[in-house]
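Read the structure below first, then the notes.
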Amino acid sequence: MDFSLTEDQTAIRDAVDRICQNFDAAYWLKRDREGGFPLDFYDALASEGWLGICSDEAQGGAGLGITEAAIMMRTISESGAGMSGASAVHINIFGLKPVAVFGTDDQKERMIRPMVEGRAKACFAVTEPNTGLNTTQLKLRADKRGDKYVVNGQKVWISTAQVADHLLLLARTTPLEDVTSPTQGLSLFYTPFDRDRIKVSEIEKMGRKAVDSNELFFEDFEIPETDRIGEEGKGFEYILQGLNPERILIAAEAVGLGFAALKRATDYACEREVFNRPIGKNQAIQHPLAICNSELEAAWLMIMKAAWEYDSGLPCGASANTAKYLAGEAGFNACQTAVMTHGGFGYAKEYHVERYLRESLIPRIAPVSPQLALCFIAEKVLGLPKSY
């Protein structure tokens, strides 16, 4: 069993890191203070073809696997870009997987290629205010009228909606009371973002100010039937294509963020002197940092296992959820320990670790809570009865 990166994987990591080095800590601190989508960072990755790392070569992508994408996303986050940098390109990697699997040839070409080339940005609109992770209970309606659908309702926590050109939308096309299973009657669409019919309200939040989160209000928003992906009523089945890759990638981003925080903490521990000695000599400083390193390394191995399973066509739900849980906790612990290692200076923005700590809550909470990841493992791996 070989745990080393291949020559190509190492080249991917190094090439992405070279791009990231042009966007230093001061750049991301400014983005954190002022907000504004990091378009120059996005364009730098797009210009060298990285936005299509997992897309098929037929649509201009590289045709690589989730393993390579995880390496790329960890590298972005670990560079100091954190979740701000990773979230700016996150949806490009996994978001249109349902289109790639279930779309027509025409849909694949007109929907995927613009994203691969960086000409179009998208957002993924699933979550609603009153349903949370209970996706089968979505209320937003898309009513069929001739050769189009008319959409009314709300979505919430939709990232990049301020800058998106298109949206991937899951909507109920058959009322819940008219289906035999709650997973039925949901349809998936990928369509242009009409700002005359979709009101976008940005949510002020704790961190990742550079990448917006929003509530969307749809009022008689029209979608042509040609923008529906696959069959009507099977959208829930289709979005499952992207759920495990998303868990794997956000886990990689959490590990990268944790290692970025750990690097700053260890550098500070070597430089900072108290009582005429570096604080890094003290085991009370050493041991928490060593624990964080161990947790991050273990989470990374789980991420690579889950990615290997996915790329090999094997069931990966258990590994993907385990990786997401371990990485979310390990990333958070590393960022919190980095702040404490800095003492009072950890609370100062100029040392960056307080920003990392704020951002570390994102992969801990989303796209599934640690509690629901544990519920999945308890049910699917341990055989315990379903708890919800």
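Every chain in the structure tokens has a letter given in the order shown (A, B, ...), and although residue numbers restart at 1 in each chain, ligands are simply numbered from 1 in the order shown.
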
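Excluding A:Glu231 and any residue on its chain fewer than 4 positions from it, the residues at most 12 Å away by only C-alpha atoms are A:Pro98, A:Val99, A:Phe102, A:Gly103, A:Thr104, A:Thr173, A:Gln184, A:Gly185, A:Leu186, A:Ser187, A:Leu188, A:Phe189, A:Glu225, A:Thr226, A:Asp227, A:Gly235, A:Phe236, A:Glu237, A:Tyr238.
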
Give me the residues within 9 Å of stretch 30-35 of chain A as an MDAnalysis selection string, counting only C-alpha atoms and dropping any in the same chain fewer than 2 places off. chainID A and resid 25:28 37:38 84 207:212 355

Save the residues we just selected, N, CA and C atoms, as an mmCIF file, in the first residue's frame?
```
data_model
loop_
_atom_site.group_PDB
_atom_site.id
_atom_site.type_symbol
_atom_site.label_atom_id
_atom_site.label_comp_id
_atom_site.auth_asym_id
_atom_site.auth_seq_id
_atom_site.Cartn_x
_atom_site.Cartn_y
_atom_site.Cartn_z
ATOM 1 N N ALA A 25 -1.231 36.535 2.788
ATOM 2 C CA ALA A 25 -2.100 36.714 3.957
ATOM 3 C C ALA A 25 -2.703 38.116 3.987
ATOM 4 N N ALA A 26 -1.935 39.110 3.547
ATOM 5 C CA ALA A 26 -2.450 40.478 3.539
ATOM 6 C C ALA A 26 -3.637 40.606 2.579
ATOM 7 N N TYR A 27 -3.572 39.894 1.460
ATOM 8 C CA TYR A 27 -4.676 39.910 0.495
ATOM 9 C C TYR A 27 -5.949 39.368 1.135
ATOM 10 N N TRP A 28 -5.842 38.223 1.820
ATOM 11 C CA TRP A 28 -7.026 37.599 2.398
ATOM 12 C C TRP A 28 -7.514 38.356 3.625
ATOM 13 N N PHE A 37 -16.098 39.573 -3.700
ATOM 14 C CA PHE A 37 -15.682 38.290 -4.246
ATOM 15 C C PHE A 37 -14.250 38.381 -4.776
ATOM 16 N N PRO A 38 -13.393 37.386 -4.468
ATOM 17 C CA PRO A 38 -11.983 37.424 -4.904
ATOM 18 C C PRO A 38 -11.839 37.053 -6.377
ATOM 19 N N SER A 84 -12.236 31.227 2.506
ATOM 20 C CA SER A 84 -12.537 32.311 1.562
ATOM 21 C C SER A 84 -12.070 31.944 0.158
ATOM 22 N N GLY A 207 -17.741 34.901 9.468
ATOM 23 C CA GLY A 207 -16.485 34.834 8.721
ATOM 24 C C GLY A 207 -16.733 34.652 7.231
ATOM 25 N N ARG A 208 -15.657 34.496 6.478
ATOM 26 C CA ARG A 208 -15.706 34.294 5.033
ATOM 27 C C ARG A 208 -16.490 35.402 4.339
ATOM 28 N N LYS A 209 -16.158 36.640 4.694
ATOM 29 C CA LYS A 209 -16.893 37.776 4.145
ATOM 30 C C LYS A 209 -16.709 37.911 2.638
ATOM 31 N N ALA A 210 -15.594 37.401 2.119
ATOM 32 C CA ALA A 210 -15.318 37.534 0.690
ATOM 33 C C ALA A 210 -16.273 36.714 -0.168
ATOM 34 N N VAL A 211 -16.828 35.658 0.389
ATOM 35 C CA VAL A 211 -17.761 34.815 -0.361
ATOM 36 C C VAL A 211 -19.125 34.914 0.316
ATOM 37 N N ASP A 212 -20.061 35.552 -0.373
ATOM 38 C CA ASP A 212 -21.341 35.897 0.213
ATOM 39 C C ASP A 212 -22.227 34.682 0.478
ATOM 40 N N ARG A 355 -9.035 34.849 12.254
ATOM 41 C CA ARG A 355 -9.804 34.678 11.017
ATOM 42 C C ARG A 355 -9.941 33.196 10.681
#
```

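The shortest atom-to-atom distance to A:Lys97, with only C-alpha atoms taken into account, belongs to A:Gly242 out of A:Ile223, A:Met206, A:Gly242, A:Ala327.
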
Residue with the minimum atom-to-atom distance to A:Ile239, picked from A:Pro370, A:Gly95, A:Gly146, A:Gly258 with only C-alpha atoms counted, is A:Gly95

Could you pull out the strand (DSSP E or B) residues of stretch 25-242 of chain A, going by DSSP on the backbone, and write them as an mmCIF file with N, CA and C atoms, in the first residue's frame?
```
data_model
loop_
_atom_site.group_PDB
_atom_site.id
_atom_site.type_symbol
_atom_site.label_atom_id
_atom_site.label_comp_id
_atom_site.auth_asym_id
_atom_site.auth_seq_id
_atom_site.Cartn_x
_atom_site.Cartn_y
_atom_site.Cartn_z
ATOM 1 N N ALA A 122 -21.733 30.017 -10.696
ATOM 2 C CA ALA A 122 -23.012 29.419 -10.341
ATOM 3 C C ALA A 122 -23.187 29.382 -8.837
ATOM 4 N N CYS A 123 -24.417 29.210 -8.414
ATOM 5 C CA CYS A 123 -24.716 28.941 -7.012
ATOM 6 C C CYS A 123 -25.617 27.717 -6.948
ATOM 7 N N PHE A 124 -25.636 27.069 -5.804
ATOM 8 C CA PHE A 124 -26.353 25.820 -5.606
ATOM 9 C C PHE A 124 -27.471 26.091 -4.610
ATOM 10 N N ALA A 125 -28.732 26.081 -5.071
ATOM 11 C CA ALA A 125 -29.862 26.495 -4.244
ATOM 12 C C ALA A 125 -30.707 25.289 -3.842
ATOM 13 N N ARG A 141 -41.830 25.780 -4.888
ATOM 14 C CA ARG A 141 -42.574 25.109 -5.947
ATOM 15 C C ARG A 141 -42.129 25.577 -7.323
ATOM 16 N N ALA A 142 -42.106 24.627 -8.245
ATOM 17 C CA ALA A 142 -41.908 24.911 -9.666
ATOM 18 C C ALA A 142 -43.098 24.301 -10.397
ATOM 19 N N ASP A 143 -44.025 25.136 -10.810
ATOM 20 C CA ASP A 143 -45.261 24.659 -11.447
ATOM 21 C C ASP A 143 -45.107 24.650 -12.965
ATOM 22 N N LYS A 144 -45.434 23.524 -13.572
ATOM 23 C CA LYS A 144 -45.303 23.375 -15.024
ATOM 24 C C LYS A 144 -46.422 24.137 -15.731
ATOM 25 N N ARG A 145 -46.037 25.008 -16.654
ATOM 26 C CA ARG A 145 -46.995 25.760 -17.456
ATOM 27 C C ARG A 145 -46.497 25.750 -18.897
ATOM 28 N N LYS A 148 -42.537 25.584 -19.821
ATOM 29 C CA LYS A 148 -41.695 26.231 -18.818
ATOM 30 C C LYS A 148 -42.241 25.928 -17.422
ATOM 31 N N TYR A 149 -41.417 26.236 -16.435
ATOM 32 C CA TYR A 149 -41.795 26.102 -15.033
ATOM 33 C C TYR A 149 -41.791 27.490 -14.398
ATOM 34 N N VAL A 150 -42.755 27.733 -13.510
ATOM 35 C CA VAL A 150 -42.828 29.006 -12.795
ATOM 36 C C VAL A 150 -42.543 28.733 -11.323
ATOM 37 N N VAL A 151 -41.529 29.415 -10.804
ATOM 38 C CA VAL A 151 -41.006 29.115 -9.463
ATOM 39 C C VAL A 151 -41.374 30.224 -8.484
ATOM 40 N N ASN A 152 -41.860 29.806 -7.310
ATOM 41 C CA ASN A 152 -42.132 30.726 -6.214
ATOM 42 C C ASN A 152 -41.696 30.083 -4.901
ATOM 43 N N GLY A 153 -41.083 30.902 -4.033
ATOM 44 C CA GLY A 153 -40.648 30.384 -2.738
ATOM 45 C C GLY A 153 -39.337 30.992 -2.294
ATOM 46 N N GLN A 154 -38.703 30.351 -1.312
ATOM 47 C CA GLN A 154 -37.479 30.878 -0.719
ATOM 48 C C GLN A 154 -36.395 29.819 -0.627
ATOM 49 N N LYS A 155 -35.161 30.264 -0.654
ATOM 50 C CA LYS A 155 -33.987 29.461 -0.348
ATOM 51 C C LYS A 155 -33.111 30.277 0.601
ATOM 52 N N VAL A 156 -32.258 29.596 1.349
ATOM 53 C CA VAL A 156 -31.410 30.314 2.306
ATOM 54 C C VAL A 156 -30.033 29.661 2.381
ATOM 55 N N TRP A 157 -29.050 30.458 2.814
ATOM 56 C CA TRP A 157 -27.641 30.040 2.902
ATOM 57 C C TRP A 157 -27.100 29.631 1.539
ATOM 58 N N ILE A 158 -27.402 30.449 0.544
ATOM 59 C CA ILE A 158 -26.942 30.182 -0.810
ATOM 60 C C ILE A 158 -25.683 30.999 -1.070
ATOM 61 N N SER A 159 -24.569 30.310 -1.223
ATOM 62 C CA SER A 159 -23.279 30.989 -1.414
ATOM 63 C C SER A 159 -23.128 31.490 -2.838
ATOM 64 N N HIS A 166 -25.642 31.758 -13.008
ATOM 65 C CA HIS A 166 -26.595 30.659 -13.116
ATOM 66 C C HIS A 166 -26.838 30.071 -11.731
ATOM 67 N N LEU A 167 -27.914 29.299 -11.619
ATOM 68 C CA LEU A 167 -28.136 28.592 -10.367
ATOM 69 C C LEU A 167 -28.595 27.170 -10.642
ATOM 70 N N LEU A 168 -28.120 26.272 -9.783
ATOM 71 C CA LEU A 168 -28.568 24.883 -9.764
ATOM 72 C C LEU A 168 -29.638 24.823 -8.686
ATOM 73 N N LEU A 169 -30.867 24.548 -9.086
ATOM 74 C CA LEU A 169 -32.025 24.713 -8.209
ATOM 75 C C LEU A 169 -32.771 23.403 -8.038
ATOM 76 N N LEU A 170 -33.043 23.042 -6.786
ATOM 77 C CA LEU A 170 -33.890 21.888 -6.482
ATOM 78 C C LEU A 170 -35.244 22.422 -6.024
ATOM 79 N N ALA A 171 -36.293 22.005 -6.719
ATOM 80 C CA ALA A 171 -37.630 22.528 -6.438
ATOM 81 C C ALA A 171 -38.651 21.396 -6.467
ATOM 82 N N ARG A 172 -39.736 21.582 -5.725
ATOM 83 C CA ARG A 172 -40.798 20.584 -5.727
ATOM 84 C C ARG A 172 -41.736 20.839 -6.902
ATOM 85 N N LEU A 186 -39.362 15.968 -6.551
ATOM 86 C CA LEU A 186 -38.405 17.073 -6.577
ATOM 87 C C LEU A 186 -37.668 17.047 -7.911
ATOM 88 N N SER A 187 -37.524 18.207 -8.529
ATOM 89 C CA SER A 187 -36.860 18.281 -9.830
ATOM 90 C C SER A 187 -35.675 19.225 -9.760
ATOM 91 N N LEU A 188 -34.694 18.952 -10.615
ATOM 92 C CA LEU A 188 -33.444 19.710 -10.607
ATOM 93 C C LEU A 188 -33.325 20.537 -11.885
ATOM 94 N N PHE A 189 -32.929 21.796 -11.714
ATOM 95 C CA PHE A 189 -32.787 22.711 -12.847
ATOM 96 C C PHE A 189 -31.434 23.410 -12.784
ATOM 97 N N TYR A 190 -30.904 23.745 -13.953
ATOM 98 C CA TYR A 190 -29.734 24.621 -14.031
ATOM 99 C C TYR A 190 -30.069 25.682 -15.057
ATOM 100 N N THR A 191 -30.124 26.939 -14.616
ATOM 101 C CA THR A 191 -30.707 27.977 -15.455
ATOM 102 C C THR A 191 -30.099 29.334 -15.147
ATOM 103 N N PRO A 192 -30.192 30.293 -16.057
ATOM 104 C CA PRO A 192 -29.673 31.639 -15.790
ATOM 105 C C PRO A 192 -30.342 32.292 -14.586
ATOM 106 N N ILE A 198 -35.641 37.151 -8.956
ATOM 107 C CA ILE A 198 -35.056 36.580 -7.742
ATOM 108 C C ILE A 198 -34.456 37.709 -6.918
ATOM 109 N N LYS A 199 -35.025 37.938 -5.766
ATOM 110 C CA LYS A 199 -34.474 38.938 -4.859
ATOM 111 C C LYS A 199 -33.396 38.278 -4.009
ATOM 112 N N VAL A 200 -32.236 38.899 -3.955
ATOM 113 C CA VAL A 200 -31.092 38.352 -3.220
ATOM 114 C C VAL A 200 -30.808 39.231 -2.010
ATOM 115 N N SER A 201 -30.858 38.636 -0.835
ATOM 116 C CA SER A 201 -30.592 39.374 0.402
ATOM 117 C C SER A 201 -29.396 38.737 1.110
ATOM 118 N N GLU A 202 -28.287 39.476 1.188
ATOM 119 C CA GLU A 202 -27.075 38.919 1.783
ATOM 120 C C GLU A 202 -27.218 38.797 3.303
ATOM 121 N N SER A 213 -23.080 34.810 1.486
ATOM 122 C CA SER A 213 -24.163 33.855 1.758
ATOM 123 C C SER A 213 -25.464 34.643 1.736
ATOM 124 N N ASN A 214 -26.542 34.027 1.230
ATOM 125 C CA ASN A 214 -27.733 34.807 0.924
ATOM 126 C C ASN A 214 -29.024 34.050 1.157
ATOM 127 N N GLU A 215 -30.094 34.837 1.287
ATOM 128 C CA GLU A 215 -31.444 34.309 1.209
ATOM 129 C C GLU A 215 -32.013 34.750 -0.139
ATOM 130 N N LEU A 216 -32.683 33.822 -0.822
ATOM 131 C CA LEU A 216 -33.252 34.102 -2.138
ATOM 132 C C LEU A 216 -34.774 34.055 -2.062
ATOM 133 N N PHE A 217 -35.406 35.013 -2.719
ATOM 134 C CA PHE A 217 -36.864 35.074 -2.775
ATOM 135 C C PHE A 217 -37.278 35.010 -4.248
ATOM 136 N N PHE A 218 -37.985 33.949 -4.631
ATOM 137 C CA PHE A 218 -38.400 33.733 -6.018
ATOM 138 C C PHE A 218 -39.849 34.185 -6.187
ATOM 139 N N GLU A 219 -40.083 34.999 -7.211
ATOM 140 C CA GLU A 219 -41.436 35.469 -7.508
ATOM 141 C C GLU A 219 -41.702 35.327 -8.999
ATOM 142 N N ASP A 220 -42.485 34.297 -9.341
ATOM 143 C CA ASP A 220 -42.837 34.010 -10.747
ATOM 144 C C ASP A 220 -41.578 33.937 -11.622
ATOM 145 N N PHE A 221 -40.585 33.252 -11.114
ATOM 146 C CA PHE A 221 -39.324 33.046 -11.839
ATOM 147 C C PHE A 221 -39.520 31.917 -12.844
ATOM 148 N N GLU A 222 -39.273 32.187 -14.118
ATOM 149 C CA GLU A 222 -39.541 31.220 -15.177
ATOM 150 C C GLU A 222 -38.279 30.459 -15.589
ATOM 151 N N ILE A 223 -38.436 29.148 -15.724
ATOM 152 C CA ILE A 223 -37.344 28.275 -16.160
ATOM 153 C C ILE A 223 -37.820 27.478 -17.366
ATOM 154 N N PRO A 224 -37.134 27.551 -18.490
ATOM 155 C CA PRO A 224 -37.546 26.735 -19.643
ATOM 156 C C PRO A 224 -37.362 25.249 -19.354
ATOM 157 N N ARG A 228 -34.285 21.777 -17.356
ATOM 158 C CA ARG A 228 -34.486 20.734 -16.342
ATOM 159 C C ARG A 228 -33.491 19.603 -16.590
ATOM 160 N N ILE A 229 -32.861 19.148 -15.524
ATOM 161 C CA ILE A 229 -31.883 18.072 -15.640
ATOM 162 C C ILE A 229 -32.596 16.738 -15.437
ATOM 163 N N LYS A 234 -37.247 13.465 -10.225
ATOM 164 C CA LYS A 234 -36.117 12.644 -9.782
ATOM 165 C C LYS A 234 -34.922 13.472 -9.319
#
```
